[in-house]
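Engineer: Before I ask anything, let me first share the structure, which is written out below as structure tokens.
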Amino acid sequence: MLTRNRLRLIRRRLLQIVPVILLATFVVFGLQQLVPGDIAVTLAGDNEIRTLYGLDRPFFVQYGSWLWGVLHGDLGKSLLSGEVVLDSILRRFPTSLLIVGCALTLSLAVGIPLGILAATRRGSRIDAFVTGIASLGVALPNFWLAMLLVATFALNWNIFPATGSAPLSAGVGDALRHAALPAFALAAGGIAEVARQLRSSLVEVLSSQYVRTLHAKGLSPAAILWKHGLKNVSVNLLTVIGLVFNRLLGATVVIEAVFAIPGIGSMVVHAAIHKDFPVIQGVVLALVVIVIGINLLIDVLYTVLDPRIGQQ
Amino acid sequence: MSKTLVRIGKWLRRDLRAALSLGFLLLLFALSVSAPIVAPHSPTNQDVNDMLQEPSADHPLGTDDLGRDVLSRLIYGAPATLYASFLAVSVAILLGVPVGLLAGFLGGWVDDAISRVIDTLLSFPAIVLAIAVTGALGVGLTNGMLAVGIVFSPQLARLVRAQTLIVKQELYVDASRVFGASLGRILWKHVVPNAIQPVIVQITLLLAVALLAEASLSFLGLGVQPPQPSWGAMLARAYSYMEIAPEQMYAPGIAILLTALAFNALGESLRVALDPTMKRR
């Protein structure tokens, strides 16, 4: 139930993210100041262009007018193609989200059972195997895994396409077939993270005093695991899901380049190579706002799910 | 000093994983320093008559699409990789540790302000900010890794802040304050030694993340620039010739994987060795 205390907590959290988002916009805009010379020089070395883009004004005036635009959904236009940045982001984002979503689903579907297996058979060979897989998953460069997957499943066996993507509107099967290899490449790190975190928090719960009491009272290990163990780690799992989603969102940038997928990742890489600054700023800001939003959502869910929060 | 060395020796004899990873990393370091002597060929010497060769006595790992010796490029790639990882982590230490100390020790509005900045930086995916910074400053390894270091710094700051909050409560800190010790002296003499162990563990783990970030940046063409060799850039070339010479992509990938594994394993071993409560688990 949402008591008044919890509502107050949620409201405080909402207020806290206002300065965070503001600071983020400041960092994103400030990136532009790093450009040697300025964008006008990059474009043409022309004073007329400097005035056109308002680059002759003081920094904070520029920031203010940029922020005013951002708040109204105006992220500017691409210096290369002239396309409205927000439009390209909105057009490309579903492609990235499909891959990240598939990777997250995979991470949870494989990582959770692995974590439970390892925690309930602590010290066994299965535990050692899961821990080994998790260490490997964390250290594996995801773009290299992507290359190995392409070599095996696309070039040798011809099961999945090697590059490109297909929208969901063109048929779920085709879209998933295109998303499969990128999602697998991304999910390796996610599976490792989920399994590791779930194992360690479940080990902590299972070795606690009250679980010992439950054993003494004669409850079966399965009942203890399902009724008490997993219930207690579910809140931790929420944190892990948020963490993994945010990591996948960053990692997809590299993976999209490997598979030539027209998502926001390949968009920002292309923009960085060609110094297309409005596009870089737009994509970075969009990603940061999504991450902040996810973190907020997780915090609110926390407050709702964990009965201990907001009791005092 | 010799006492510390004896303790490290004992630890390495007991912990095979730590000994192996430390050995591997030291070997890599030695290779980086002595690359001009160890490498059988020049890493940039092209030979159009010798392109994409299979491994042979002269070229133990074969040659790439421009006829350059893969083993030599692999050896010359090591210093770039280590430089990038240590650069990013040094930036993170220089920024994160002092900021965490100040936030934890001063508390109040300073802590609040720093915590908001930390929250903000933690919302930036490291690799994406690195890409954005190279977009601004121009491609190149140093720019990107500086950005990665900045994104890492809040992780250390948070850790140091939490440790500082604990140490601050101790009576001996009060005592030294009563004796008139300055803020700098209290932080350096009492807080830093207590906070250093978890920081060392975190630094070792961050080195692995920085290494993977460097490889990704160079793979995307935003890091090490040709003709300079780097493991990530070697993989990018191998990718475009994958259908003709798939074996080109194994060596650099394995090099990245093993180095990242070594940093992670060393970090985990250090965590167990430095934390007395972990031993009973």
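In the structure tokens, chains take letters A, B, ... by order of appearance, with residues numbered from 1 within each chain and ligands from 1 in the order shown.
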Name all residues at most 7 Å from A:Leu248 (count only C-alpha atoms; drop same-chain ones fewer than 3 positions away) and give them as a PyMOL selection string.

Structural biologist: chain A and resi 100+186+244-245+251-252

Engineer: Tell me as a PyMOL selection string which residues belonging to chain A come within 7 Å of chain B, counting only C-alpha atoms.

Structural biologist: chain A and resi 20+23-24+31-32+34-36+139-141+144+147+247+250+254+269+272-273+275+280+284+288+291-292

Engineer: Could the residues in this selection be written to a file with C-alpha atoms, as a tab-separated table (two decimals), in the first residue's frame?

Structural biologist:
chain	number	residue	atom	x	y	z
A	20	VAL	CA	20.52	15.64	-12.02
A	23	LEU	CA	23.43	18.91	-14.71
A	24	ALA	CA	23.32	16.28	-17.43
A	31	LEU	CA	30.93	18.92	-24.67
A	32	GLN	CA	30.57	21.40	-27.50
A	34	LEU	CA	35.70	21.00	-26.11
A	35	VAL	CA	35.69	21.33	-29.89
A	36	PRO	CA	38.92	23.08	-30.87
A	139	ALA	CA	35.62	-10.25	-19.48
A	140	LEU	CA	34.48	-11.16	-23.00
A	141	PRO	CA	34.67	-8.20	-25.43
A	144	TRP	CA	34.46	-9.98	-30.54
A	147	MET	CA	32.20	-11.51	-34.73
A	247	ARG	CA	24.69	-1.33	-19.38
A	250	GLY	CA	25.56	1.60	-23.63
A	254	VAL	CA	29.26	-0.94	-30.28
A	269	VAL	CA	29.33	6.59	-33.88
A	272	ALA	CA	31.38	11.25	-33.81
A	273	ILE	CA	33.53	10.37	-36.80
A	275	LYS	CA	31.88	15.75	-35.89
A	280	ILE	CA	26.05	13.56	-30.75
A	284	VAL	CA	23.85	11.27	-25.52
A	288	VAL	CA	21.13	9.78	-20.22
A	291	VAL	CA	18.94	5.88	-17.81
A	292	ILE	CA	17.78	8.46	-15.25

Engineer: Among the residues of stretch 170-257 of chain B, find those DSSP assigns to helix (DSSP H, G or I) from the backbone and print them as an MDAnalysis selection string.

Structural biologist: chainID B and resid 171:178 183:219 231:240 246:257

Engineer: For stretch 199-203 of chain B, work out the shell of residues within 7 Å, counting only C-alpha atoms and skipping chain neighbours fewer than 5 positions away, then give it as an NGL selection string.

Structural biologist: :B and (89 or 156 or 267 or 270-271)

Engineer: Rounded to one decimal in Å, what is the spacing between atom CA of A:Ala179 and atom CA of A:Ser165?

Structural biologist: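 Spanning atom CA of A:Ala179 to atom CA of A:Ser165 is a straight-line distance of 6.7 Å.
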
Engineer: Tell me, in Å to one decimal, how far atom CA of A:Thr163 is from atom CA of A:Gly189.

Structural biologist: 21.0 Å

Engineer: Report, in Å to a single decimal, how far apart atom CA of A:Cys102 and atom CA of A:Phe153 are.

Structural biologist: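 Answer for the atom CA of A:Phe153 to atom CA of A:Cys102 separation: 17.7 Å.
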
Engineer: Taking into account only C-alpha atoms, which residue in the set A:Ala119, A:Leu297, A:Ala257, A:Val172 is nearest to A:Gly242?

Structural biologist: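 Closest to A:Gly242, using only C-alpha atoms: A:Leu297.
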
Engineer: Need the shell around stretch 84-95 of chain A: protein/DNA/RNA residues with any atom at most 7 Å away, counting only C-alpha atoms. Skip same-chain ones fewer than 5 positions apart. Format as number ranges by chain?

Structural biologist: A: 74-78, 167, 262-264, 279, 282-283

Engineer: Output the selection as a short mmCIF file (atom, residue, chain, number, x, y, z; two decimals), in the first residue's frame - N, CA and C atoms for each residue.

Structural biologist:
data_model
loop_
_atom_site.label_atom_id
_atom_site.label_comp_id
_atom_site.auth_asym_id
_atom_site.auth_seq_id
_atom_site.Cartn_x
_atom_site.Cartn_y
_atom_site.Cartn_z
N ASP A 74 13.30 20.47 -29.14
CA ASP A 74 14.11 20.86 -30.30
C ASP A 74 15.58 20.55 -30.01
N LEU A 75 16.10 19.48 -30.62
CA LEU A 75 17.49 19.09 -30.40
C LEU A 75 18.37 19.59 -31.56
N GLY A 76 17.81 20.40 -32.41
CA GLY A 76 18.58 20.92 -33.53
C GLY A 76 18.51 20.02 -34.74
N LYS A 77 19.33 20.37 -35.75
CA LYS A 77 19.36 19.59 -36.99
C LYS A 77 20.75 19.03 -37.20
N SER A 78 20.83 17.92 -37.88
CA SER A 78 22.12 17.32 -38.22
C SER A 78 22.90 18.26 -39.13
N PRO A 167 12.13 -4.21 -38.99
CA PRO A 167 11.21 -3.69 -37.99
C PRO A 167 10.15 -4.73 -37.62
N PRO A 262 20.75 0.03 -38.14
CA PRO A 262 20.46 1.47 -38.12
C PRO A 262 19.73 1.90 -36.85
N GLY A 263 20.37 1.74 -35.69
CA GLY A 263 19.79 2.21 -34.43
C GLY A 263 20.45 3.50 -34.00
N ILE A 264 20.22 3.90 -32.74
CA ILE A 264 20.82 5.17 -32.31
C ILE A 264 22.31 5.00 -32.02
N VAL A 279 23.85 15.96 -33.44
CA VAL A 279 23.44 14.55 -33.35
C VAL A 279 24.06 13.89 -32.13
N GLY A 282 22.31 15.13 -29.06
CA GLY A 282 20.95 14.61 -28.98
C GLY A 282 20.92 13.18 -28.49
N VAL A 283 21.77 12.32 -29.06
CA VAL A 283 21.76 10.90 -28.70
C VAL A 283 22.24 10.72 -27.26
#

Engineer: Mind checking which residues fall within 10 Å of B:Asn45, counting only C-alpha atoms, ignoring those fewer than 4 positions away in the same chain, and posting them as a list in words?

Structural biologist: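 Everything that qualifies: His41, Leu66, Gly67, Arg68, Asp69, Arg73 and Pro227 of chain B.
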
Engineer: Could you tell me which of A:Ile17, A:Leu97, A:Ala151, A:Ala192 comes closest to A:Ile133 if we count only C-alpha atoms?

Structural biologist: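 Among the listed residues, the smallest separation from A:Ile133 belongs to A:Ala192.
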